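Read the structure below first, then the notes.
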Amino acid sequence: MSSTDTTLQRLRELPRNELAEEIETLVLKRFKSVLLMDESEDLPLDISYFDLGLTSLRLTEIRQNLEQLLDLSINANVLFNEPTVAYLVDYLADALATSPSR
């Protein structure tokens, strides 16, 4: 079992609120990296990430990374119609909580 499989299994076993917290940590880490932010800097969860300087190309990179990490398909509409970290975290937590285990 790979470390990704182990991480996914652990995430799927968490209660929904803890799952959302773990996913928020993963998402924030990727967004901060792409936006060249320091780990200690705050990234607002409810402001459009486009307003924070993210480009659609960088967002595509984040999407691909998260899809691979979480073994989920992320609909592009989710990323562009409600472009906030809070919305993305909520979407991913719901998707992971309802996805079948492998």
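Please note that chains go A, B, ... in the order of the structure tokens, that every chain numbers its residues from 1, and that ligands are numbered from 1 in the order shown.
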Inset, instruction - Find the residues near Asn17 of chain A: any atom within 9 Å, counting only C-alpha atoms, skip ones fewer than 4 places away on the same chain, and give them as a list in words. - result: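 Listed by chain and then number, they are Glu21, Glu22 and Ala93 of chain A.
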N, CA, C and O atoms of the current selection, written as a short mmCIF file (atom, residue, chain, number, x, y, z; two decimals), in the first residue's frame:
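Saved the output as part-v3.cif:
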data_model
loop_
_atom_site.label_atom_id
_atom_site.label_comp_id
_atom_site.auth_asym_id
_atom_site.auth_seq_id
_atom_site.Cartn_x
_atom_site.Cartn_y
_atom_site.Cartn_z
N GLU A 21 -11.08 19.62 8.17
CA GLU A 21 -9.88 20.28 8.70
C GLU A 21 -8.62 19.77 8.02
O GLU A 21 -7.73 20.54 7.67
N GLU A 22 -8.54 18.46 7.84
CA GLU A 22 -7.37 17.86 7.17
C GLU A 22 -7.27 18.33 5.72
O GLU A 22 -6.19 18.66 5.23
N ALA A 93 -14.30 17.79 0.89
CA ALA A 93 -14.67 16.99 2.07
C ALA A 93 -15.93 16.17 1.78
O ALA A 93 -15.99 14.98 2.11
#
Using only C-alpha atoms, determine which residues lie at most 10 Å from Ala76 of chain A, disregarding the query and same-chain residues fewer than 5 positions distant; provide the list as a compact mmCIF listing (two decimals) with all heavy atoms, in the first residue's frame.
# COMPACT_ATOMS: atom_id res chain seq x y z
N LEU A 59 -4.21 27.38 -11.05
CA LEU A 59 -5.34 26.67 -10.47
C LEU A 59 -5.45 25.26 -11.07
O LEU A 59 -5.74 24.30 -10.36
CB LEU A 59 -6.63 27.44 -10.69
CG LEU A 59 -7.88 26.86 -10.05
CD1 LEU A 59 -7.72 26.71 -8.55
CD2 LEU A 59 -9.08 27.72 -10.38
N THR A 60 -5.17 25.14 -12.35
CA THR A 60 -5.18 23.83 -13.00
C THR A 60 -4.12 22.93 -12.39
O THR A 60 -4.36 21.74 -12.17
CB THR A 60 -4.97 23.99 -14.52
OG1 THR A 60 -6.04 24.80 -15.04
CG2 THR A 60 -4.97 22.65 -15.22
N ARG A 63 -5.43 21.81 -9.06
CA ARG A 63 -6.50 20.83 -9.29
C ARG A 63 -5.91 19.46 -9.59
O ARG A 63 -6.32 18.45 -8.99
CB ARG A 63 -7.38 21.28 -10.45
CG ARG A 63 -8.42 20.28 -10.86
CD ARG A 63 -9.17 20.76 -12.08
NE ARG A 63 -10.02 19.73 -12.61
CZ ARG A 63 -10.43 19.71 -13.86
NH1 ARG A 63 -10.09 20.66 -14.70
NH2 ARG A 63 -11.19 18.75 -14.29
N ASN A 81 -16.71 28.61 -10.46
CA ASN A 81 -18.00 29.19 -10.10
C ASN A 81 -18.02 29.72 -8.68
O ASN A 81 -18.73 30.67 -8.38
CB ASN A 81 -19.13 28.19 -10.31
CG ASN A 81 -19.36 27.89 -11.78
OD1 ASN A 81 -18.87 28.59 -12.66
ND2 ASN A 81 -20.09 26.83 -12.05
Legend entry - Interatomic distance, atom CA of Ala95 of chain A to atom CA of Ile23 of chain A (Å, one decimal):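 These two atoms are separated by 11.1 Å.
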Legend entry - A:Asn65, A:Ser56, A:Ala20, A:Leu35 ranked by distance to Tyr87 of chain A, top pick (using only C-alpha atoms): A:Ala20
Legend entry - Counting only C-alpha atoms, the option among A:Val78, A:Val89, A:Leu36, A:Leu70 closest to Leu11 of chain A: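 The answer is A:Leu70, which sits nearest to Leu11 of chain A.
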Inset, instruction - For Thr98 of chain A, list every protein, DNA or RNA residue within 12 Å, evaluated using only C-alpha atoms, and leave out those in the same chain fewer than 3 positions away; present the list as a PyMOL selection string. - result: chain A and resi 11-13+15-16+19+72+91-95+101
